[in-house]
Amino acid sequence: MAILAQLIDDVVATKFELDKPALSIGRHPSCDIQITDSAVSGQHALIEVEANSHIDGIVDIFISDAGSTNGSFVNEEPITGRRRLSNNEVIRIAWNSFHFIEDESPDLEKTAYTLT
Amino acid sequence: MMPLSHSNPSTVHIAGLSHSGTVRTENEDAVYWWHESDQDICFGILADGMGGHKGGALASELSIQTIRSFTRAASEHFQQSLEHLEKIMAAASEAANEAIQQARAEQPEFKDMGTTLVFIGIWNENLIILHAGDSRCYLLPSPLRDQLAQSNRPAYTQLTRDDSVVQSMLDEGVITPEDVPNIPYRNRLTNALGIKSPLVYSLASHKFSEGSSLLICSDGFYQAVSMNDASRLIYDQGVNQKTVEQLIQMSLDNQTNDNTSVILMGFGADAAYVQQAVPSEKHNK
């Protein structure tokens, strides 16, 4: 299962398992991943976990900014739309950093599937 | 490279190369081209095999051998029409599809093999492209040469559409083009030769105008080399073996993690050098 590992001074402080179809990130207590930081908006960002419709057993994970004041970033690039997350990318929510860790290893072998 | 004498003064020049790349020791790609001189038809094939250590190389070679044999026999009865040439190319590709499926069924070690295919036919000024898989064909049209010198606009058009999971997800709007380089399953195909019966393919015909060039390549090339850089080199240097060697070297310098292959075809005056064509085996490094 993919996780978000919160980094404080580049050390993993807390791990969040991405175990629901949609996880909200923000300062509000109702958020799945709550960050008690005044720079973080109440509803700051959204993580979506979706089964790949073409390959059995593969899950794609997307992040989008929820109209936050101080922005959301992947590898220091602002998130402007819905963006697919890849293994080892660093997400920044305002000034809070998370390491995205995907349990699927890259598969570089070419394979052909028959779609129905 | 191959000069082809047509009834008109135009000439087709071809150069190609395939390389195992910087990571893999086995080359599962194959390139080949030939001229049916009696009918004045020029054919070219790029195939990127898959399915394990030996299977991939066998599938790409089997597709080339089968298609060449089929077209050689069928071309003797060529009816001098675009429609008939399309039928010959489709039937040849279906024969290759069946040959690969038969080998898969007979030999357990080849049970997962298949290959992509870009199969080009040029007759008079007609260009036919038969495609399955994720190898690509780009057109570099002649009139853009001057525009390219004055702007940074891409001077190429992709004539084929990848049969890949990533392309399907792009079509559905699930991912953006910026996501593609980081997707671990970007090499997963939705179609290839040897996978389905009957063969599913796309077939398109175009006019191949004087001064235009074609770049046919495997994913090991286009995933490592920017098409802006590639098209600029081709416009600068023309269609010749030296250009092909430099293109392949670009992909090697960029540490391509797959086999990398290129065929260039130039129609008309753009091709600067003339050499005799040689079989693809001599072009595989």
# chains A, B, ... in the order shown; residues from 1 in each chain; ligands from 1

call {"tool": "select_by_dssp", "arguments": {"residues": "segment 28-128 of chain B", "states": "alpha helix (DSSP H)", "output": "number ranges by chain"}}
result
B: 55-75, 82-106

call {"tool": "write_last_selection", "arguments": {"atoms": "N, CA and C atoms", "output": "CSV table (one decimal), in the first residue's frame"}}
result
chain,number,residue,atom,x,y,z
B,55,GLY,N,12.5,-14.6,-27.0
B,55,GLY,CA,11.2,-14.5,-27.7
B,55,GLY,C,11.1,-13.2,-28.4
B,56,GLY,N,11.5,-12.1,-27.8
B,56,GLY,CA,11.3,-10.8,-28.4
B,56,GLY,C,12.1,-10.7,-29.7
B,57,ALA,N,13.3,-11.1,-29.7
B,57,ALA,CA,14.2,-11.1,-30.9
B,57,ALA,C,13.6,-12.0,-32.0
B,58,LEU,N,13.1,-13.1,-31.6
B,58,LEU,CA,12.5,-14.0,-32.6
B,58,LEU,C,11.2,-13.4,-33.2
B,59,ALA,N,10.4,-12.8,-32.4
B,59,ALA,CA,9.1,-12.2,-32.9
B,59,ALA,C,9.4,-11.1,-33.9
B,60,SER,N,10.3,-10.2,-33.6
B,60,SER,CA,10.6,-9.1,-34.5
B,60,SER,C,11.2,-9.7,-35.8
B,61,GLU,N,12.1,-10.6,-35.7
B,61,GLU,CA,12.7,-11.2,-37.0
B,61,GLU,C,11.7,-12.0,-37.8
B,62,LEU,N,10.8,-12.7,-37.0
B,62,LEU,CA,9.8,-13.5,-37.7
B,62,LEU,C,8.8,-12.6,-38.5
B,63,SER,N,8.5,-11.5,-37.9
B,63,SER,CA,7.6,-10.6,-38.6
B,63,SER,C,8.2,-10.1,-39.9
B,64,ILE,N,9.5,-9.8,-39.8
B,64,ILE,CA,10.2,-9.2,-41.0
B,64,ILE,C,10.3,-10.3,-42.1
B,65,GLN,N,10.7,-11.5,-41.7
B,65,GLN,CA,10.9,-12.6,-42.7
B,65,GLN,C,9.5,-12.9,-43.3
B,66,THR,N,8.5,-13.0,-42.5
B,66,THR,CA,7.2,-13.4,-43.1
B,66,THR,C,6.7,-12.3,-44.0
B,67,ILE,N,6.8,-11.1,-43.5
B,67,ILE,CA,6.2,-10.0,-44.4
B,67,ILE,C,7.0,-9.9,-45.7
B,68,ARG,N,8.3,-10.0,-45.6
B,68,ARG,CA,9.1,-9.9,-46.8
B,68,ARG,C,8.8,-11.0,-47.8
B,69,SER,N,8.7,-12.2,-47.3
B,69,SER,CA,8.3,-13.4,-48.2
B,69,SER,C,7.0,-13.1,-48.8
B,70,PHE,N,6.0,-12.7,-48.0
B,70,PHE,CA,4.7,-12.6,-48.5
B,70,PHE,C,4.6,-11.5,-49.5
B,71,THR,N,5.2,-10.3,-49.2
B,71,THR,CA,5.1,-9.2,-50.2
B,71,THR,C,5.8,-9.5,-51.5
B,72,ARG,N,6.9,-10.2,-51.4
B,72,ARG,CA,7.7,-10.6,-52.6
B,72,ARG,C,6.8,-11.4,-53.6
B,73,ALA,N,6.1,-12.4,-53.0
B,73,ALA,CA,5.2,-13.2,-53.8
B,73,ALA,C,4.0,-12.4,-54.3
B,74,ALA,N,3.4,-11.6,-53.4
B,74,ALA,CA,2.2,-10.9,-53.8
B,74,ALA,C,2.4,-9.8,-54.7
B,75,SER,N,3.6,-9.2,-54.6
B,75,SER,CA,3.9,-8.0,-55.5
B,75,SER,C,4.0,-8.4,-57.0
B,82,LEU,N,-3.4,1.8,-55.2
B,82,LEU,CA,-3.2,2.0,-53.8
B,82,LEU,C,-4.0,1.0,-53.0
B,83,GLU,N,-5.2,0.7,-53.4
B,83,GLU,CA,-6.1,-0.2,-52.7
B,83,GLU,C,-5.4,-1.6,-52.6
B,84,HIS,N,-4.9,-2.0,-53.8
B,84,HIS,CA,-4.3,-3.3,-53.8
B,84,HIS,C,-3.0,-3.4,-52.9
B,85,LEU,N,-2.2,-2.3,-52.9
B,85,LEU,CA,-1.0,-2.3,-52.1
B,85,LEU,C,-1.4,-2.4,-50.6
B,86,GLU,N,-2.5,-1.7,-50.3
B,86,GLU,CA,-3.0,-1.8,-48.9
B,86,GLU,C,-3.4,-3.2,-48.5
B,87,LYS,N,-4.0,-3.9,-49.5
B,87,LYS,CA,-4.5,-5.2,-49.2
B,87,LYS,C,-3.3,-6.2,-49.0
B,88,ILE,N,-2.2,-6.0,-49.9
B,88,ILE,CA,-1.0,-6.8,-49.8
B,88,ILE,C,-0.4,-6.6,-48.4
B,89,MET,N,-0.3,-5.3,-48.0
B,89,MET,CA,0.4,-5.0,-46.7
B,89,MET,C,-0.4,-5.6,-45.5
B,90,ALA,N,-1.7,-5.5,-45.6
B,90,ALA,CA,-2.6,-6.0,-44.5
B,90,ALA,C,-2.5,-7.5,-44.5
B,91,ALA,N,-2.5,-8.2,-45.6
B,91,ALA,CA,-2.4,-9.6,-45.7
B,91,ALA,C,-1.0,-10.1,-45.2
B,92,ALA,N,0.0,-9.4,-45.6
B,92,ALA,CA,1.4,-9.8,-45.1
B,92,ALA,C,1.5,-9.7,-43.6
B,93,SER,N,0.9,-8.6,-43.1
B,93,SER,CA,1.0,-8.4,-41.6
B,93,SER,C,0.2,-9.5,-40.9
B,94,GLU,N,-1.0,-9.9,-41.5
B,94,GLU,CA,-1.8,-10.9,-40.8
B,94,GLU,C,-1.0,-12.2,-40.9
B,95,ALA,N,-0.3,-12.5,-42.0
B,95,ALA,CA,0.5,-13.7,-42.1
B,95,ALA,C,1.6,-13.7,-41.0
B,96,ALA,N,2.2,-12.6,-40.7
B,96,ALA,CA,3.2,-12.5,-39.7
B,96,ALA,C,2.6,-12.7,-38.3
B,97,ASN,N,1.4,-12.2,-38.1
B,97,ASN,CA,0.7,-12.3,-36.9
B,97,ASN,C,0.4,-13.8,-36.6
B,98,GLU,N,0.0,-14.5,-37.7
B,98,GLU,CA,-0.3,-16.0,-37.5
B,98,GLU,C,1.0,-16.7,-37.2
B,99,ALA,N,2.1,-16.3,-37.9
B,99,ALA,CA,3.4,-17.0,-37.7
B,99,ALA,C,3.9,-16.9,-36.3
B,100,ILE,N,3.7,-15.7,-35.7
B,100,ILE,CA,4.1,-15.5,-34.3
B,100,ILE,C,3.2,-16.3,-33.4
B,101,GLN,N,1.9,-16.3,-33.7
B,101,GLN,CA,1.0,-17.1,-32.8
B,101,GLN,C,1.3,-18.6,-32.8
B,102,GLN,N,1.6,-19.0,-34.0
B,102,GLN,CA,1.9,-20.5,-34.2
B,102,GLN,C,3.2,-20.8,-33.4
B,103,ALA,N,4.2,-20.0,-33.5
B,103,ALA,CA,5.4,-20.2,-32.7
B,103,ALA,C,5.2,-20.1,-31.2
B,104,ARG,N,4.3,-19.2,-30.8
B,104,ARG,CA,3.9,-19.1,-29.4
B,104,ARG,C,3.3,-20.4,-28.9
B,105,ALA,N,2.4,-21.0,-29.8
B,105,ALA,CA,1.7,-22.2,-29.4
B,105,ALA,C,2.6,-23.4,-29.3
B,106,GLU,N,3.6,-23.4,-30.2
B,106,GLU,CA,4.4,-24.6,-30.3
B,106,GLU,C,5.5,-24.7,-29.3

call {"tool": "residues_around", "arguments": {"residues": "Ile101 of chain A", "least_positions_apart": "3", "cutoff": "8 Å", "atoms": "only C-alpha atoms", "output": "list in words"}}
result
Ala2, Ile3, Leu4, Ala5, Ser86, Asn87, Asn88 and Glu89 of chain A

call {"tool": "closest_residue", "arguments": {"among": "B:Glu210, B:Asp258, B:Asp229, B:Glu172", "to": "Gln246 of chain B", "atoms": "only C-alpha atoms"}}
result
B:Asp229

call {"tool": "closest_residue", "arguments": {"among": "B:Thr160, B:Asn257, B:Asn27, B:Thr190", "to": "chain A", "atoms": "only C-alpha atoms"}}
result
B:Thr190

call {"tool": "residues_around", "arguments": {"residues": "segment 54-69 of chain A", "least_positions_apart": "4", "cutoff": "7 Å", "atoms": "only C-alpha atoms", "output": "CSV table (one decimal) with N, CA and C atoms, in the first residue's frame"}}
result
chain,number,residue,atom,x,y,z
A,41,SER,N,-4.4,25.5,4.7
A,41,SER,CA,-5.8,25.8,4.6
A,41,SER,C,-6.6,24.7,5.2
A,43,GLN,N,-9.3,23.1,4.1
A,43,GLN,CA,-9.3,22.0,3.1
A,43,GLN,C,-8.2,22.4,2.1
A,44,HIS,N,-7.0,21.7,2.1
A,44,HIS,CA,-5.9,22.2,1.4
A,44,HIS,C,-5.6,21.4,0.1
A,45,ALA,N,-5.7,20.1,0.2
A,45,ALA,CA,-5.4,19.3,-1.0
A,45,ALA,C,-6.2,18.0,-0.9
A,46,LEU,N,-6.3,17.3,-2.1
A,46,LEU,CA,-7.1,16.1,-2.1
A,46,LEU,C,-6.2,15.0,-2.8
A,47,ILE,N,-6.2,13.8,-2.1
A,47,ILE,CA,-5.5,12.6,-2.7
A,47,ILE,C,-6.6,11.7,-3.1
A,48,GLU,N,-6.5,11.2,-4.4
A,48,GLU,CA,-7.5,10.2,-4.9
A,48,GLU,C,-6.8,8.9,-5.3
A,49,VAL,N,-7.3,7.8,-4.8
A,49,VAL,CA,-6.7,6.5,-5.1
A,49,VAL,C,-7.7,5.7,-6.0
A,50,GLU,N,-7.2,5.4,-7.3
A,50,GLU,CA,-8.1,4.8,-8.2
A,50,GLU,C,-7.5,3.6,-8.8
A,79,ILE,N,1.1,22.5,-8.0
A,79,ILE,CA,0.1,21.6,-8.5
A,79,ILE,C,-1.0,22.5,-9.1
A,81,GLY,N,-3.3,21.3,-11.6
A,81,GLY,CA,-4.5,20.4,-12.0
A,81,GLY,C,-4.5,19.2,-11.2
A,82,ARG,N,-4.9,18.1,-11.8
A,82,ARG,CA,-4.9,16.8,-11.1
A,82,ARG,C,-3.7,16.1,-11.6
A,83,ARG,N,-2.8,15.7,-10.7
A,83,ARG,CA,-1.5,15.2,-11.1
A,83,ARG,C,-1.3,13.8,-10.5
A,84,ARG,N,-0.8,12.9,-11.4
A,84,ARG,CA,-0.5,11.6,-10.9
A,84,ARG,C,0.8,11.6,-10.1
A,85,LEU,N,0.8,10.9,-9.0
A,85,LEU,CA,2.0,10.8,-8.1
A,85,LEU,C,2.8,9.6,-8.5
B,165,VAL,N,-1.3,1.5,-22.8
B,165,VAL,CA,-2.1,1.8,-21.7
B,165,VAL,C,-2.0,3.3,-21.4

call {"tool": "interface_residues", "arguments": {"of": "chain B", "to": "chain A", "cutoff": "7 Å", "atoms": "only C-alpha atoms", "output": "number ranges by chain"}}
result
B: 50-51, 165, 175, 179, 182-185, 187-192

call {"tool": "write_last_selection", "arguments": {"atoms": "N, CA and C atoms", "output": "mmCIF file, in the first residue's frame"}}
result
data_model
loop_
_atom_site.group_PDB
_atom_site.id
_atom_site.type_symbol
_atom_site.label_atom_id
_atom_site.label_comp_id
_atom_site.auth_asym_id
_atom_site.auth_seq_id
_atom_site.Cartn_x
_atom_site.Cartn_y
_atom_site.Cartn_z
ATOM 1 N N MET B 50 8.969 -8.344 -27.980
ATOM 2 C CA MET B 50 8.778 -8.430 -26.528
ATOM 3 C C MET B 50 8.516 -9.880 -26.169
ATOM 4 N N GLY B 51 8.641 -10.173 -24.885
ATOM 5 C CA GLY B 51 8.266 -11.519 -24.453
ATOM 6 C C GLY B 51 9.431 -12.361 -24.005
ATOM 7 N N VAL B 165 -1.287 1.476 -22.818
ATOM 8 C CA VAL B 165 -2.130 1.835 -21.674
ATOM 9 C C VAL B 165 -2.033 3.333 -21.416
ATOM 10 N N ILE B 175 -4.646 11.007 -17.091
ATOM 11 C CA ILE B 175 -3.312 11.554 -16.836
ATOM 12 C C ILE B 175 -3.020 12.660 -17.851
ATOM 13 N N ASP B 179 2.706 13.632 -16.936
ATOM 14 C CA ASP B 179 2.776 12.449 -16.067
ATOM 15 C C ASP B 179 3.525 11.291 -16.737
ATOM 16 N N ASN B 182 7.017 9.465 -15.911
ATOM 17 C CA ASN B 182 7.187 8.863 -14.588
ATOM 18 C C ASN B 182 6.302 7.649 -14.339
ATOM 19 N N ILE B 183 5.514 7.278 -15.322
ATOM 20 C CA ILE B 183 4.596 6.159 -15.094
ATOM 21 C C ILE B 183 5.337 4.837 -15.283
ATOM 22 N N PRO B 184 5.352 3.990 -14.259
ATOM 23 C CA PRO B 184 6.174 2.779 -14.332
ATOM 24 C C PRO B 184 5.702 1.773 -15.377
ATOM 25 N N TYR B 185 4.423 1.786 -15.706
ATOM 26 C CA TYR B 185 3.917 0.812 -16.684
ATOM 27 C C TYR B 185 3.739 1.456 -18.048
ATOM 28 N N ASN B 187 5.357 1.106 -20.605
ATOM 29 C CA ASN B 187 5.649 0.209 -21.722
ATOM 30 C C ASN B 187 4.573 -0.860 -21.927
ATOM 31 N N ARG B 188 3.507 -0.791 -21.162
ATOM 32 C CA ARG B 188 2.449 -1.792 -21.337
ATOM 33 C C ARG B 188 1.626 -1.465 -22.583
ATOM 34 N N LEU B 189 1.523 -2.455 -23.466
ATOM 35 C CA LEU B 189 0.823 -2.238 -24.732
ATOM 36 C C LEU B 189 -0.592 -2.795 -24.693
ATOM 37 N N THR B 190 -1.440 -2.232 -25.504
ATOM 38 C CA THR B 190 -2.792 -2.762 -25.644
ATOM 39 C C THR B 190 -2.954 -3.540 -26.948
ATOM 40 N N ASN B 191 -1.904 -3.549 -27.766
ATOM 41 C CA ASN B 191 -2.001 -4.264 -29.035
ATOM 42 C C ASN B 191 -0.593 -4.511 -29.579
ATOM 43 N N ALA B 192 -0.422 -5.620 -30.255
ATOM 44 C CA ALA B 192 0.865 -5.937 -30.898
ATOM 45 C C ALA B 192 0.651 -7.116 -31.835
#

call {"tool": "residues_around", "arguments": {"residues": "Ala39 of chain A", "least_positions_apart": "5", "cutoff": "9 Å", "atoms": "only C-alpha atoms", "output": "PyMOL selection string"}}
result
chain A and resi 27+69-70+93-95

call {"tool": "write_last_selection", "arguments": {"atoms": "C-alpha atoms", "output": "PDB file, in the first residue's frame"}}
result
ATOM      1  CA  ARG A  27      -5.986  21.968   8.907  1.00  0.00           C
ATOM      2  CA  THR A  69      -3.981  29.897   0.103  1.00  0.00           C
ATOM      3  CA  ASN A  70      -0.326  28.852   0.193  1.00  0.00           C
ATOM      4  CA  ILE A  93       1.606  21.335   1.577  1.00  0.00           C
ATOM      5  CA  ALA A  94       2.331  24.985   2.359  1.00  0.00           C
ATOM      6  CA  TRP A  95       5.648  24.424   4.223  1.00  0.00           C
TER       7      TRP A  95
END

call {"tool": "select_by_dssp", "arguments": {"residues": "chain A", "states": "strand (DSSP E)", "output": "number ranges by chain"}}
result
A: 3-8, 11-17, 22-26, 33-34, 45-51, 59-65, 72-74, 77-78, 83-84, 90-93, 96-101, 111-112

call {"tool": "write_last_selection", "arguments": {"atoms": "N, CA and C atoms", "output": "short mmCIF file (atom, residue, chain, number, x, y, z; two decimals), in the first residue's frame"}}
result
data_model
loop_
_atom_site.label_atom_id
_atom_site.label_comp_id
_atom_site.auth_asym_id
_atom_site.auth_seq_id
_atom_site.Cartn_x
_atom_site.Cartn_y
_atom_site.Cartn_z
N ILE A 3 2.08 5.01 0.78
CA ILE A 3 2.01 5.85 1.99
C ILE A 3 2.53 7.26 1.71
N LEU A 4 2.10 8.18 2.56
CA LEU A 4 2.72 9.50 2.62
C LEU A 4 3.49 9.56 3.93
N ALA A 5 4.77 9.84 3.84
CA ALA A 5 5.60 9.94 5.05
C ALA A 5 5.92 11.41 5.29
N GLN A 6 5.44 11.93 6.40
CA GLN A 6 5.69 13.34 6.71
C GLN A 6 7.15 13.53 7.12
N LEU A 7 7.79 14.50 6.51
CA LEU A 7 9.21 14.74 6.78
C LEU A 7 9.37 15.99 7.64
N ILE A 8 10.09 15.87 8.73
CA ILE A 8 10.46 17.04 9.53
C ILE A 8 11.98 17.04 9.62
N VAL A 11 13.54 13.99 8.21
CA VAL A 11 13.36 12.73 8.94
C VAL A 11 11.87 12.39 8.94
N VAL A 12 11.56 11.10 8.71
CA VAL A 12 10.16 10.70 8.69
C VAL A 12 9.56 10.81 10.08
N ALA A 13 8.51 11.63 10.21
CA ALA A 13 7.88 11.82 11.52
C ALA A 13 6.61 10.99 11.65
N THR A 14 5.78 11.01 10.63
CA THR A 14 4.51 10.28 10.67
C THR A 14 4.24 9.67 9.31
N LYS A 15 3.65 8.47 9.34
CA LYS A 15 3.29 7.83 8.08
C LYS A 15 1.78 7.76 7.95
N PHE A 16 1.27 8.08 6.78
CA PHE A 16 -0.17 8.01 6.51
C PHE A 16 -0.40 6.99 5.39
N GLU A 17 -1.19 5.98 5.67
CA GLU A 17 -1.50 4.99 4.64
C GLU A 17 -2.61 5.52 3.74
N ALA A 22 -10.55 8.43 -1.39
CA ALA A 22 -10.28 9.87 -1.36
C ALA A 22 -9.83 10.26 0.04
N LEU A 23 -8.73 11.00 0.11
CA LEU A 23 -8.22 11.46 1.41
C LEU A 23 -8.00 12.96 1.33
N SER A 24 -8.60 13.66 2.27
CA SER A 24 -8.43 15.11 2.30
C SER A 24 -7.23 15.48 3.17
N ILE A 25 -6.54 16.53 2.76
CA ILE A 25 -5.39 17.04 3.53
C ILE A 25 -5.71 18.48 3.89
N GLY A 26 -5.56 18.84 5.17
CA GLY A 26 -5.83 20.23 5.56
C GLY A 26 -5.75 20.41 7.07
N ILE A 33 -5.93 13.61 6.63
CA ILE A 33 -4.56 13.91 7.04
C ILE A 33 -4.58 15.35 7.55
N GLN A 34 -4.58 15.48 8.88
CA GLN A 34 -4.72 16.82 9.48
C GLN A 34 -3.32 17.39 9.77
N ALA A 45 -5.67 20.11 0.17
CA ALA A 45 -5.41 19.28 -1.01
C ALA A 45 -6.21 17.99 -0.93
N LEU A 46 -6.30 17.31 -2.06
CA LEU A 46 -7.06 16.06 -2.09
C LEU A 46 -6.21 14.97 -2.75
N ILE A 47 -6.18 13.81 -2.10
CA ILE A 47 -5.52 12.63 -2.69
C ILE A 47 -6.62 11.68 -3.14
N GLU A 48 -6.50 11.19 -4.39
CA GLU A 48 -7.47 10.22 -4.89
C GLU A 48 -6.75 8.93 -5.28
N VAL A 49 -7.29 7.81 -4.84
CA VAL A 49 -6.71 6.49 -5.11
C VAL A 49 -7.66 5.74 -6.04
N GLU A 50 -7.19 5.44 -7.25
CA GLU A 50 -8.08 4.83 -8.25
C GLU A 50 -7.46 3.56 -8.83
N ALA A 51 -8.28 2.53 -8.97
CA ALA A 51 -7.81 1.30 -9.63
C ALA A 51 -7.62 1.61 -11.11
N VAL A 59 -2.83 0.42 -8.99
CA VAL A 59 -3.58 1.55 -8.45
C VAL A 59 -2.84 2.83 -8.82
N ASP A 60 -3.58 3.82 -9.29
CA ASP A 60 -3.01 5.14 -9.58
C ASP A 60 -3.44 6.11 -8.50
N ILE A 61 -2.50 6.96 -8.09
CA ILE A 61 -2.79 7.90 -7.02
C ILE A 61 -2.57 9.32 -7.54
N PHE A 62 -3.56 10.15 -7.33
CA PHE A 62 -3.54 11.52 -7.87
C PHE A 62 -3.65 12.53 -6.74
N ILE A 63 -3.08 13.69 -6.97
CA ILE A 63 -3.21 14.78 -6.01
C ILE A 63 -3.71 16.03 -6.73
N SER A 64 -4.53 16.79 -6.04
CA SER A 64 -4.96 18.09 -6.58
C SER A 64 -5.04 19.09 -5.43
N ASP A 65 -4.80 20.34 -5.75
CA ASP A 65 -4.91 21.39 -4.74
C ASP A 65 -6.40 21.75 -4.60
N SER A 72 0.02 23.90 -3.10
CA SER A 72 0.53 22.53 -2.95
C SER A 72 1.54 22.30 -4.07
N PHE A 73 2.55 21.51 -3.78
CA PHE A 73 3.66 21.35 -4.72
C PHE A 73 4.08 19.89 -4.79
N VAL A 74 4.54 19.47 -5.97
CA VAL A 74 5.18 18.17 -6.12
C VAL A 74 6.57 18.44 -6.67
N GLU A 77 7.22 21.88 -7.75
CA GLU A 77 6.42 22.46 -8.83
C GLU A 77 4.98 22.61 -8.34
N PRO A 78 4.39 23.79 -8.53
CA PRO A 78 3.01 23.99 -8.07
C PRO A 78 2.04 23.02 -8.74
N ARG A 83 -2.81 15.71 -10.68
CA ARG A 83 -1.49 15.20 -11.08
C ARG A 83 -1.28 13.80 -10.53
N ARG A 84 -0.79 12.90 -11.38
CA ARG A 84 -0.50 11.55 -10.90
C ARG A 84 0.79 11.55 -10.10
N VAL A 90 8.27 14.18 -3.74
CA VAL A 90 8.10 14.91 -2.48
C VAL A 90 6.96 15.92 -2.66
N ILE A 91 5.98 15.81 -1.79
CA ILE A 91 4.81 16.70 -1.82
C ILE A 91 5.00 17.76 -0.75
N ARG A 92 4.72 19.00 -1.10
CA ARG A 92 4.79 20.06 -0.09
C ARG A 92 3.42 20.72 0.04
N ILE A 93 2.89 20.72 1.26
CA ILE A 93 1.61 21.33 1.58
C ILE A 93 1.94 22.58 2.39
N ASN A 96 4.93 22.15 4.69
CA ASN A 96 5.05 20.80 5.24
C ASN A 96 5.35 19.80 4.13
N SER A 97 6.40 19.02 4.30
CA SER A 97 6.82 18.10 3.24
C SER A 97 6.46 16.65 3.56
N PHE A 98 6.08 15.93 2.49
CA PHE A 98 5.75 14.51 2.60
C PHE A 98 6.48 13.75 1.49
N HIS A 99 6.90 12.57 1.83
CA HIS A 99 7.55 11.70 0.86
C HIS A 99 6.51 10.67 0.41
N PHE A 100 6.26 10.60 -0.92
CA PHE A 100 5.29 9.62 -1.43
C PHE A 100 6.02 8.33 -1.76
N ILE A 101 5.57 7.24 -1.15
CA ILE A 101 6.22 5.94 -1.37
C ILE A 101 5.20 4.95 -1.90
N THR A 111 5.21 -5.42 -22.29
CA THR A 111 4.25 -6.50 -22.26
C THR A 111 3.01 -6.05 -23.01
N ALA A 112 2.40 -6.99 -23.72
CA ALA A 112 1.17 -6.64 -24.43
C ALA A 112 -0.03 -7.29 -23.76
#

call {"tool": "atom_distance", "arguments": {"atom1": "atom CA of Ile234 of chain B", "atom2": "atom CA of Met265 of chain B"}}
result
10.5 Å
